[in-house]
Amino acid sequence: MRVALVGAGAIGRTHVDAVLHTGGVTLAGVADPFDAGAHLAAQSGAVHYRDHRALIDAERPDAAIIATPNELHVPQALDFVEAGIPVLVEKPIAGSLDEARRLVAASESRGVPVLVGHHRRYHPVMVRAKEIIASGELGRIVAASATYFLAKPDDYFDIPWHRTPGAGGTFLINLIHEIDLLRHLIGEVTAVSAMSSSAVRGLDVEDTGAVSFAFASGALGSLVISDAVAGPWSWDLTAGDSPRFPAHGVESHRIGGTEASLTVPTLELWRHDGPREWTTEMHPVRQHVAASSPYAEQLRHFADVVSGRAEPLVSGREGAQNLAVLDAIVTAAQTGATVEVIPV
Ligand SMILES: NC(=O)c1ccc[n+]([C@@H]2O[C@H](COP(=O)([O-])OP(=O)(O)OC[C@H]3O[C@@H](n4cnc5c(N)ncnc54)[C@H](O)[C@@H]3O)[C@@H](O)[C@H]2O)c1
């Protein structure tokens, strides 16, 4: 698969690293109007383009990864889809749900796959967690609790879109991954309530939020999220996804069932030693999985989709449904109401 990269920033470099280390995949050019693109292209032996449309015309790649600021995802992805080229679009799929729907419609009507970069689903820990839940070992899923605590440096907010409402903020940048993880493990979210705060940094975008989820199965979930907390209890600081971040070996998610509970990403299965009631002691049994990079796994899956061997695990429609949940959370935080999530 000859795959092009659009957007040579932080996550774009992670994708190129995966491309350069994955057999059967080569880099078919880098598009970025700024010098970052020229540097990355030179480093990886690819041709640099300042505009993705010039790249499409010159390279006719088999596939493309779009890793640009959120508001560019849909217009750029549409250019590829209209040229018949499958795309992996970084999360969130779009800056707005209407735009997301436009991309889903174009992808489905033309039969050109769109994948969304919710890479956690490809992490071996998530694959195992999904298997454990599907096996019924936890019994009926009752509740989930999650934390996303980490501290972003002050200069992160020097990048204008990181502090722009509708583009930045920990809800749009980070919470969307949490939504995808919970939907993947527990099922469809039907309603949410939420509070948000920007008290720590005083920016126009939130730094902290508390969210409650209702799932179609009747399960409930809660999540506290903040990018201003000095603490390790977030997927990013525990799962070892990226060499940029230390992995601390603590849990970020607890999935509670009637028979047992599971921690993620630590994969501890907690069960009573005898009768399943509160006076019986419990012990964790740790599950082990072989390590592999979720970005590399995601890329291999993308290649399988492009060659017709697989259906997208995180399709445009899935990405749009994550955004629908996120929109409901934003509305809930603004109004104080419990907000129903409409299926895309
Ligand atoms: N999956 C993940 O874990 C993950 C992690 C980080 C970021 N992201 C997502 O990836 C996207 C990019 O985030 P980032 O942190 O890499 O941002 P970034 O600011 O580091 O990089 C964005 C890049 O896009 C380039 N760009 C701007 N306009 C362009 C255009 N018209 N054509 C081509 N390139 C253009 C910029 O020059 C820059 O190099 C965002 O949507 C973000 O939400 C996903």
# chains A, B, ... in the order shown; residues from 1 in each chain; ligands from 1

$ residues_near_ligand --ligand "ligand 1" --cutoff "6 Å" --atoms "only C-alpha atoms and all ligand atoms" --output "VMD selection string"
chain A and resid 6 to 12 31 to 34 36 51 67 to 70 90 to 92 117 to 119 173

$ residues_around --residues "A:Leu326" --least-positions-apart "5" --cutoff "12 Å" --atoms "only C-alpha atoms" --output "count of residues only"
39

$ residues_around --residues "A:Thr147" --least-positions-apart "2" --cutoff "9 Å" --atoms "only C-alpha atoms" --output "ChimeraX atom specification"
/A:145,149,222-226,233-235,251-253

$ write_last_selection --atoms "C-alpha atoms" --output "compact mmCIF listing (two decimals), in the first residue's frame"
# COMPACT_ATOMS: atom_id res chain seq x y z
CA SER A 145 -15.57 4.32 35.89
CA PHE A 149 -5.70 12.78 34.43
CA SER A 222 -18.71 8.03 34.89
CA LEU A 223 -15.57 9.78 33.78
CA VAL A 224 -13.51 12.60 35.29
CA ILE A 225 -11.19 14.23 32.77
CA SER A 226 -8.57 16.93 33.18
CA TRP A 233 -4.41 7.84 35.82
CA SER A 234 -5.10 8.26 32.11
CA TRP A 235 -4.87 5.79 29.23
CA GLU A 251 -5.31 1.60 35.71
CA SER A 252 -7.38 4.26 33.97
CA HIS A 253 -10.64 2.31 33.57

$ atom_distance --atom1 "atom CA of A:Gly139" --atom2 "atom CA of A:His283"
17.0 Å

$ residues_around --residues "A:Ser315" --least-positions-apart "4" --cutoff "8 Å" --atoms "only C-alpha atoms" --output "list in words"
Pro113, Val114, Leu115, Val116 and Gly319 of chain A

$ closest_residue --among "A:Gly209, A:Gly136, A:Gly168, A:Pro243" --to "A:Thr258" --atoms "only C-alpha atoms"
A:Gly136

$ residues_around --residues "A:Ala42" --least-positions-apart "3" --cutoff "12 Å" --atoms "only C-alpha atoms" --output "list in words"
Ala8, Val16, Leu27, Gly29, Val30, Asp35, Ala36, Gly37, Ala38, His39, Gly45, Ala46, Val47, His48 and Tyr49 of chain A

$ residues_around --residues "A:Ser242" --least-positions-apart "4" --cutoff "9 Å" --atoms "only C-alpha atoms" --output "list in words"
Thr14, Asp236, Pro246, Ala247, Ser293, Pro294 and Tyr295 of chain A

$ residues_around --residues "A:Leu299" --least-positions-apart "2" --cutoff "10 Å" --atoms "only C-alpha atoms" --output "CSV table (one decimal) with C-alpha atoms, in the first residue's frame"
chain,number,residue,atom,x,y,z
A,3,VAL,CA,0.0,5.7,1.6
A,15,HIS,CA,2.1,7.7,11.5
A,18,ALA,CA,4.6,3.3,11.6
A,19,VAL,CA,4.6,3.4,7.8
A,22,THR,CA,5.5,-1.8,8.6
A,25,VAL,CA,3.5,-0.2,3.2
A,65,ILE,CA,-3.7,9.5,6.4
A,88,LEU,CA,-7.7,7.2,7.6
A,117,GLY,CA,-8.0,7.2,14.0
A,119,HIS,CA,-6.1,3.9,17.6
A,122,TYR,CA,-6.1,-1.8,18.0
A,293,SER,CA,2.1,-0.6,18.8
A,294,PRO,CA,-1.6,0.3,18.2
A,295,TYR,CA,-0.5,2.7,15.4
A,296,ALA,CA,1.2,-0.1,13.6
A,297,GLU,CA,-1.8,-2.4,14.2
A,301,HIS,CA,-5.8,-3.0,9.5
A,302,PHE,CA,-6.0,0.0,7.1
A,303,ALA,CA,-4.0,-1.9,4.5
A,304,ASP,CA,-6.4,-4.9,4.9
A,305,VAL,CA,-9.3,-2.6,4.4

$ atom_distance --atom1 "atom CA of A:Glu277" --atom2 "atom CA of A:Ala260"
10.9 Å

$ select_by_dssp --residues "stretch 105-310 of chain A" --states "strand (DSSP E or B)" --output "VMD selection string"
chain A and resid 114 to 116 141 to 149 151 189 to 197 208 to 215 220 to 226 228 253 to 257 261 to 264 268 to 272 282 to 286
